[in-house]
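Accompanying notes for the structure given below.
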Amino acid sequence: MMSRPVILPSNRPAERFYRGGARISAFRGESGSAPREPEDWIGSTTTVNGEPELGLTRLPDGRLLRDAVQADPVEWLGEEHVRRWGADTRLLVKLLDAGQRLPVHAHPHDDFAASHLGRAHGKAEAWYILRGGTVHVGLRRDVGAAELADLVERQDVEALLGLLHAVDVGPGDVVWVPPGELHAIGEGVLLLELQQPEDLSILLEWEGFAIDGPALGHLGLGFDVALDAVNRRSRSADEVRTLVGAAPASGSVFPSDAGRYFRLERMPVDGEAVIEEGFSIAVVASGALTVGSDAVGAGSTLVVPHGAGAINVIGAGELLIARPPAP
């Protein structure tokens with residue numbers, strides 16, 4: 001059978017350590033949600049850290065997407081991608097609903113993840129804002145290693161959050177979070193997140209969250225090692241503006257530095273458009289569209305195999321198209 005886009009249902013790992021989920025349900029047009037299902041892992045070949053299958057996307061035919069890609073990587077990812085990276089999709093896409101402010105945290109870079117954790121990737125990430133609020137990203141001043149460790153040990157949440165730039169964001173804004181960058185997402189924000197396909201977080205705070213921070217916040221390394229992955233250099237106001245800003249009305253939306261990790265295209269549709277050939281995750285941000293032969297509305301999500309070729313889109317609305325880095 002000729003390859004084609006596949007509509008994906010919600011894929012929400014249960015009992016995450018922070019609250020949220022209602023805004024994902026509203027965006028998708030679904031009823032109800034559990035109080036701690038704040039993430040929808042879309043087209044995921046990645047598991048929740050420490051879990052054998054939780055987080056993985058299951059296709060309508062019952063197969064795990066991870067297994068389908070492994071069985072036919074060229075069909076899913078294309079020859080050039082497979083030649084460079086094998087069957088690694090190099091992409092994880094999520095909807096994230098911050099039902100409470102997330103803790104101050106950071107993610108390791110590739111070299112740290114490889115040398116300390118034996119992982120193929122660190123975790124760069126970037127966000128496309130669907131519902132606005134406040135985000136906290138980047139240090140307002142340089143911070144010494146001893147000072148940072150002391151704030152974490154004492155759980156001085158006010159001081160930790162106060163170290164970061166607070167930026168108001170609205171729908172259509174984007175935020176680039178390089179590996180190691182301290183950040184937190186404010187309560188009420190709904191976003192589409194692109195990231196490297198790992199679930200690796202270094203938590204600097206945990207009071208009020210359903211997690212044993214002293215045991216789990218350092219990835220099993222101890223905070224004396226884990227905090228070495230954190231960028232302690234300050235970001236000027238000008239630098240923050242390179243991390244946070246408005247997306248263009250169409251085309252590539254993330255800063256160029258993000259391109260080595262992943263890509264996101266904003267595609268307004270008024271009549272006809274085309275999703276170019278290549279593995280992608282497509283999210284209908286608004287409107288009513290026909291993608292290939294499938295009629296989809298706002299909140300719908302699809303995985304598009306490389307083998308499907310270019311896909312015609314008809315209707316009125318907007319698509320967000322997430323892709324791995326160009327091979």
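Just so we're on the same page: first chain in the structure tokens is A, next is B, and so on; residues restart at 1 for each chain, and ligands are numbered from 1 in the order they show up.
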
Could you name the residues that touch A:Leu8 at 12 Å or less, counting only C-alpha atoms, but leaving out those on the same chain fewer than 4 positions away, as a count of residues only? 28

Contacts between stretch 232-241 of chain A and stretch 121-151 of chain A, please, where a residue of stretch 121-151 of chain A counts if it comes within 6 Å (with only C-alpha atoms); show its shortest atom pair and distance in Å to one decimal, rows by chain and ascending number, as a tab-separated table.
residue	atom	partner	partner_atom	distance
A:Gly138	CA	A:Arg235	CA	5.7
A:Leu139	CA	A:Ser234	CA	4.6
A:Arg140	CA	A:Ser234	CA	5.3
A:Arg141	CA	A:Ser234	CA	4.4
A:Asp142	CA	A:Ser234	CA	4.6
A:Val143	CA	A:Arg232	CA	5.3

Output the selection as a compact mmCIF listing (two decimals), in the first residue's frame - N, CA and C atoms for each residue.
# COMPACT_ATOMS: atom_id res chain seq x y z
N GLY A 138 17.15 31.88 30.75
CA GLY A 138 18.44 32.56 30.76
C GLY A 138 18.71 33.33 32.04
N LEU A 139 19.96 33.31 32.47
CA LEU A 139 20.34 33.99 33.71
C LEU A 139 20.49 35.49 33.51
N ARG A 140 20.06 36.26 34.51
CA ARG A 140 20.19 37.71 34.48
C ARG A 140 21.60 38.15 34.88
N ARG A 141 22.34 37.27 35.56
CA ARG A 141 23.73 37.56 35.93
C ARG A 141 24.49 36.25 35.98
N ASP A 142 25.81 36.34 35.91
CA ASP A 142 26.62 35.15 36.07
C ASP A 142 26.44 34.59 37.48
N VAL A 143 26.48 33.28 37.59
CA VAL A 143 26.30 32.62 38.88
C VAL A 143 27.43 31.62 39.08

Selection near stretch 155-164 of chain A, 8 Å with only C-alpha atoms, sequence-local residues under 4 positions removed, as a PyMOL selection string: chain A and resi 104+136-141+151+182-183+204-207

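Within stretch 160-240 of chain A, DSSP applied to the backbone places the following residues in helix (DSSP H, G or I): Leu160, Leu161, Gly162, Gly213, Pro214, Ala215, Leu216, Phe223, Asp224, Val225, Ala226, Leu227, Asp228, Ala229, Ala237, Asp238, Glu239 and Val240 of chain A.
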
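If you count only C-alpha atoms and ignore residues fewer than 5 places along the chain from A:Ala26, what sits within 12 Å of it is A:Gly20, A:Gly21, A:Ser31, A:Gly32, A:Ser33, A:Leu95, A:Asp97, A:Leu130, A:Arg131, A:Leu190, A:Ala298, A:Gly299, A:Ser300.
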
Give me the stretch 61-149 of chain A side of the contact with stretch 262-273 of chain A, cut-off 10 Å, one line per residue showing its nearest atom pair and distance in Å at one decimal, counting only C-alpha atoms, sorted by chain and residue number, as a Markdown table.
| residue | atom | partner | partner_atom | distance |
| --- | --- | --- | --- | --- |
| A:Arg90 | CA | A:Phe262 | CA | 7.7 |
| A:Leu91 | CA | A:Phe262 | CA | 6.7 |
| A:Leu92 | CA | A:Phe262 | CA | 9.2 |
| A:Val93 | CA | A:Phe262 | CA | 9.9 |
| A:Ala124 | CA | A:Phe262 | CA | 9.0 |
| A:Glu125 | CA | A:Phe262 | CA | 8.6 |
| A:Ala126 | CA | A:Phe262 | CA | 8.8 |
| A:Trp127 | CA | A:Leu264 | CA | 9.6 |
| A:Tyr128 | CA | A:Leu264 | CA | 8.8 |

Would you export the selected residues with all heavy atoms as a CSV table (one decimal), in the first residue's frame, please?
chain,number,residue,atom,x,y,z
A,90,ARG,N,15.6,11.5,15.3
A,90,ARG,CA,16.2,12.7,15.8
A,90,ARG,C,15.2,13.8,16.2
A,90,ARG,O,15.5,15.0,16.1
A,90,ARG,CB,17.2,13.3,14.8
A,90,ARG,CG,18.3,12.3,14.5
A,90,ARG,CD,19.4,12.9,13.7
A,90,ARG,NE,20.2,13.8,14.4
A,90,ARG,CZ,21.2,13.5,15.3
A,90,ARG,NH1,21.5,12.2,15.5
A,90,ARG,NH2,21.9,14.4,15.9
A,91,LEU,N,14.0,13.4,16.6
A,91,LEU,CA,12.9,14.4,16.9
A,91,LEU,C,11.9,13.8,17.9
A,91,LEU,O,11.5,12.7,17.8
A,91,LEU,CB,12.2,14.7,15.6
A,91,LEU,CG,11.1,15.8,15.6
A,91,LEU,CD1,11.6,17.1,16.0
A,91,LEU,CD2,10.3,15.8,14.3
A,92,LEU,N,11.5,14.7,18.8
A,92,LEU,CA,10.4,14.4,19.7
A,92,LEU,C,9.6,15.7,19.7
A,92,LEU,O,10.1,16.8,19.9
A,92,LEU,CB,10.8,14.0,21.1
A,92,LEU,CG,9.7,13.8,22.1
A,92,LEU,CD1,8.7,12.8,21.7
A,92,LEU,CD2,10.3,13.5,23.5
A,93,VAL,N,8.3,15.6,19.5
A,93,VAL,CA,7.3,16.7,19.4
A,93,VAL,C,6.3,16.5,20.5
A,93,VAL,O,5.8,15.4,20.7
A,93,VAL,CB,6.6,16.8,18.1
A,93,VAL,CG1,5.6,17.9,18.0
A,93,VAL,CG2,7.7,17.0,17.0
A,124,ALA,N,18.3,19.7,23.5
A,124,ALA,CA,17.9,21.0,23.1
A,124,ALA,C,16.4,21.0,22.9
A,124,ALA,O,15.8,20.0,22.5
A,124,ALA,CB,18.6,21.4,21.8
A,125,GLU,N,15.8,22.2,23.0
A,125,GLU,CA,14.3,22.3,22.8
A,125,GLU,C,14.0,23.7,22.4
A,125,GLU,O,14.7,24.6,22.6
A,125,GLU,CB,13.5,21.9,24.0
A,125,GLU,CG,13.7,22.8,25.2
A,125,GLU,CD,12.9,22.3,26.4
A,125,GLU,OE1,13.2,21.2,26.9
A,125,GLU,OE2,12.1,23.1,27.0
A,126,ALA,N,12.8,23.8,21.7
A,126,ALA,CA,12.3,25.1,21.3
A,126,ALA,C,10.8,25.0,21.3
A,126,ALA,O,10.2,23.9,21.1
A,126,ALA,CB,12.8,25.5,19.9
A,127,TRP,N,10.1,26.1,21.6
A,127,TRP,CA,8.7,26.1,21.8
A,127,TRP,C,8.0,27.1,20.8
A,127,TRP,O,8.5,28.2,20.5
A,127,TRP,CB,8.3,26.6,23.2
A,127,TRP,CG,9.1,26.0,24.3
A,127,TRP,CD1,9.7,24.8,24.3
A,127,TRP,CD2,9.5,26.7,25.5
A,127,TRP,NE1,10.3,24.6,25.5
A,127,TRP,CE2,10.3,25.7,26.3
A,127,TRP,CE3,9.3,27.9,26.0
A,127,TRP,CZ2,10.8,26.0,27.5
A,127,TRP,CZ3,9.8,28.2,27.3
A,127,TRP,CH2,10.6,27.3,28.0
A,128,TYR,N,6.8,26.7,20.3
A,128,TYR,CA,5.9,27.6,19.6
A,128,TYR,C,4.7,27.8,20.5
A,128,TYR,O,4.0,26.8,20.9
A,128,TYR,CB,5.5,26.9,18.3
A,128,TYR,CG,4.6,27.8,17.4
A,128,TYR,CD1,5.1,28.6,16.5
A,128,TYR,CD2,3.2,27.8,17.6
A,128,TYR,CE1,4.2,29.4,15.7
A,128,TYR,CE2,2.4,28.6,16.9
A,128,TYR,CZ,2.9,29.4,15.9
A,128,TYR,OH,2.0,30.2,15.2

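Ranking A:Leu219, A:Val169, A:Ile7, A:Leu77 by their shortest atom-to-atom distance to A:Asn49, with only C-alpha atoms included, puts A:Leu219 first.
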
Let me make sure I understand: among A:Ala229, A:Ala322, A:Arg23, A:Ala106, which one has the smallest atom-to-atom distance to A:Glu193 if we use only C-alpha atoms? A:Ala322

Using the chain letters and numbers from this document, which residues of stretch 44-205 of chain A does DSSP assign to strand (DSSP E or B), as a ChimeraX atom specification? /A:58,64,92-97,105-106,125-131,133-139,164-169,173-177,183-185,190-195,202-203

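Between atom CA of A:Ser286 and atom CA of A:Asp173 the interatomic distance comes to 15.6 Å.
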
Find the residues of stretch 156-252 of chain A that sit at most 8 Å from stretch 117-122 of chain A; for each, write down the nearest two atoms and how far apart they are in Å, to one decimal. Count only C-alpha atoms. Sort by chain, then by number going up, and give it as CSV.
residue,atom,partner,partner_atom,distance
A:Pro179,CA,A:Gly122,CA,7.1
A:Gln196,CA,A:His121,CA,6.6
A:Pro197,CA,A:His121,CA,7.0
A:Glu198,CA,A:His121,CA,6.6
A:Leu200,CA,A:Gly122,CA,7.4

Based on the selection just made, write C-alpha atoms of those residues as a PDB file, in the first residue's frame.
ATOM      1  CA  PRO A 179      21.140  22.730  25.998  1.00  0.00           C
ATOM      2  CA  GLN A 196      15.902  16.090  20.809  1.00  0.00           C
ATOM      3  CA  PRO A 197      14.453  12.622  21.441  1.00  0.00           C
ATOM      4  CA  GLU A 198      15.436  12.188  25.090  1.00  0.00           C
ATOM      5  CA  LEU A 200      16.544  14.140  30.488  1.00  0.00           C
TER       6      LEU A 200
END

Contacts of A:Ile311 at 6 Å or less, counting only C-alpha atoms, minus same-chain residues fewer than 6 places along, as an mmCIF file with N, CA and C atoms, in the first residue's frame?
data_model
loop_
_atom_site.group_PDB
_atom_site.id
_atom_site.type_symbol
_atom_site.label_atom_id
_atom_site.label_comp_id
_atom_site.auth_asym_id
_atom_site.auth_seq_id
_atom_site.Cartn_x
_atom_site.Cartn_y
_atom_site.Cartn_z
ATOM 1 N N VAL A 274 1.240 22.827 -0.011
ATOM 2 C CA VAL A 274 1.905 21.533 -0.152
ATOM 3 C C VAL A 274 2.868 21.329 1.015
ATOM 4 N N ILE A 275 2.763 20.171 1.654
ATOM 5 C CA ILE A 275 3.782 19.735 2.608
ATOM 6 C C ILE A 275 4.867 19.032 1.806
ATOM 7 N N GLY A 292 -3.798 15.519 2.312
ATOM 8 C CA GLY A 292 -3.893 14.317 1.496
ATOM 9 C C GLY A 292 -5.355 13.997 1.283
#

Nearest to A:Ala149, restricted to only C-alpha atoms and choosing among A:Asp257, A:Asp72, A:Asp224, A:Glu15, comes out as A:Asp224

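Between A:Ile314 and the candidates A:Gly287, A:Gly259, A:Pro108, A:Gly172, the tightest atom-to-atom separation, counting only C-alpha atoms, involves A:Gly287.
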
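Atom CA of A:Ala310 to atom CA of A:Ser3 spans 11.2 Å [interatomic distance, one decimal].
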
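Rounded to one decimal, atom CA of A:Arg66 and atom CA of A:Ile129 lie 27.4 Å from each other.
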
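Residues in contact with A:Pro73 at 9 Å, where only C-alpha atoms are counted and same-chain residues fewer than 3 positions away are skipped, are listed as Ala68, Val69, Gln70, Trp76, Leu77, Gly78, Glu79, His81, Val82, Gly86, Ala87, Asp88 and Thr89 of chain A.
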
For A:Gly55, find every residue with an atom within 6 Å (counting only C-alpha atoms), except residues of its own chain fewer than 5 positions away, and show them as a short mmCIF file (atom, residue, chain, number, x, y, z; two decimals) with N, CA, C and O atoms, in the first residue's frame.
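In the end it all went to selection08.cif:
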data_model
loop_
_atom_site.label_atom_id
_atom_site.label_comp_id
_atom_site.auth_asym_id
_atom_site.auth_seq_id
_atom_site.Cartn_x
_atom_site.Cartn_y
_atom_site.Cartn_z
N PRO A 13 1.41 10.45 28.56
CA PRO A 13 1.88 9.69 29.72
C PRO A 13 1.20 10.20 31.00
O PRO A 13 1.12 11.40 31.24
N THR A 47 10.91 7.03 24.95
CA THR A 47 10.20 6.64 26.16
C THR A 47 10.45 7.64 27.29
O THR A 47 11.47 8.34 27.31
N VAL A 48 9.50 7.69 28.22
CA VAL A 48 9.72 8.39 29.47
C VAL A 48 10.96 7.79 30.13
O VAL A 48 11.16 6.57 30.11
#
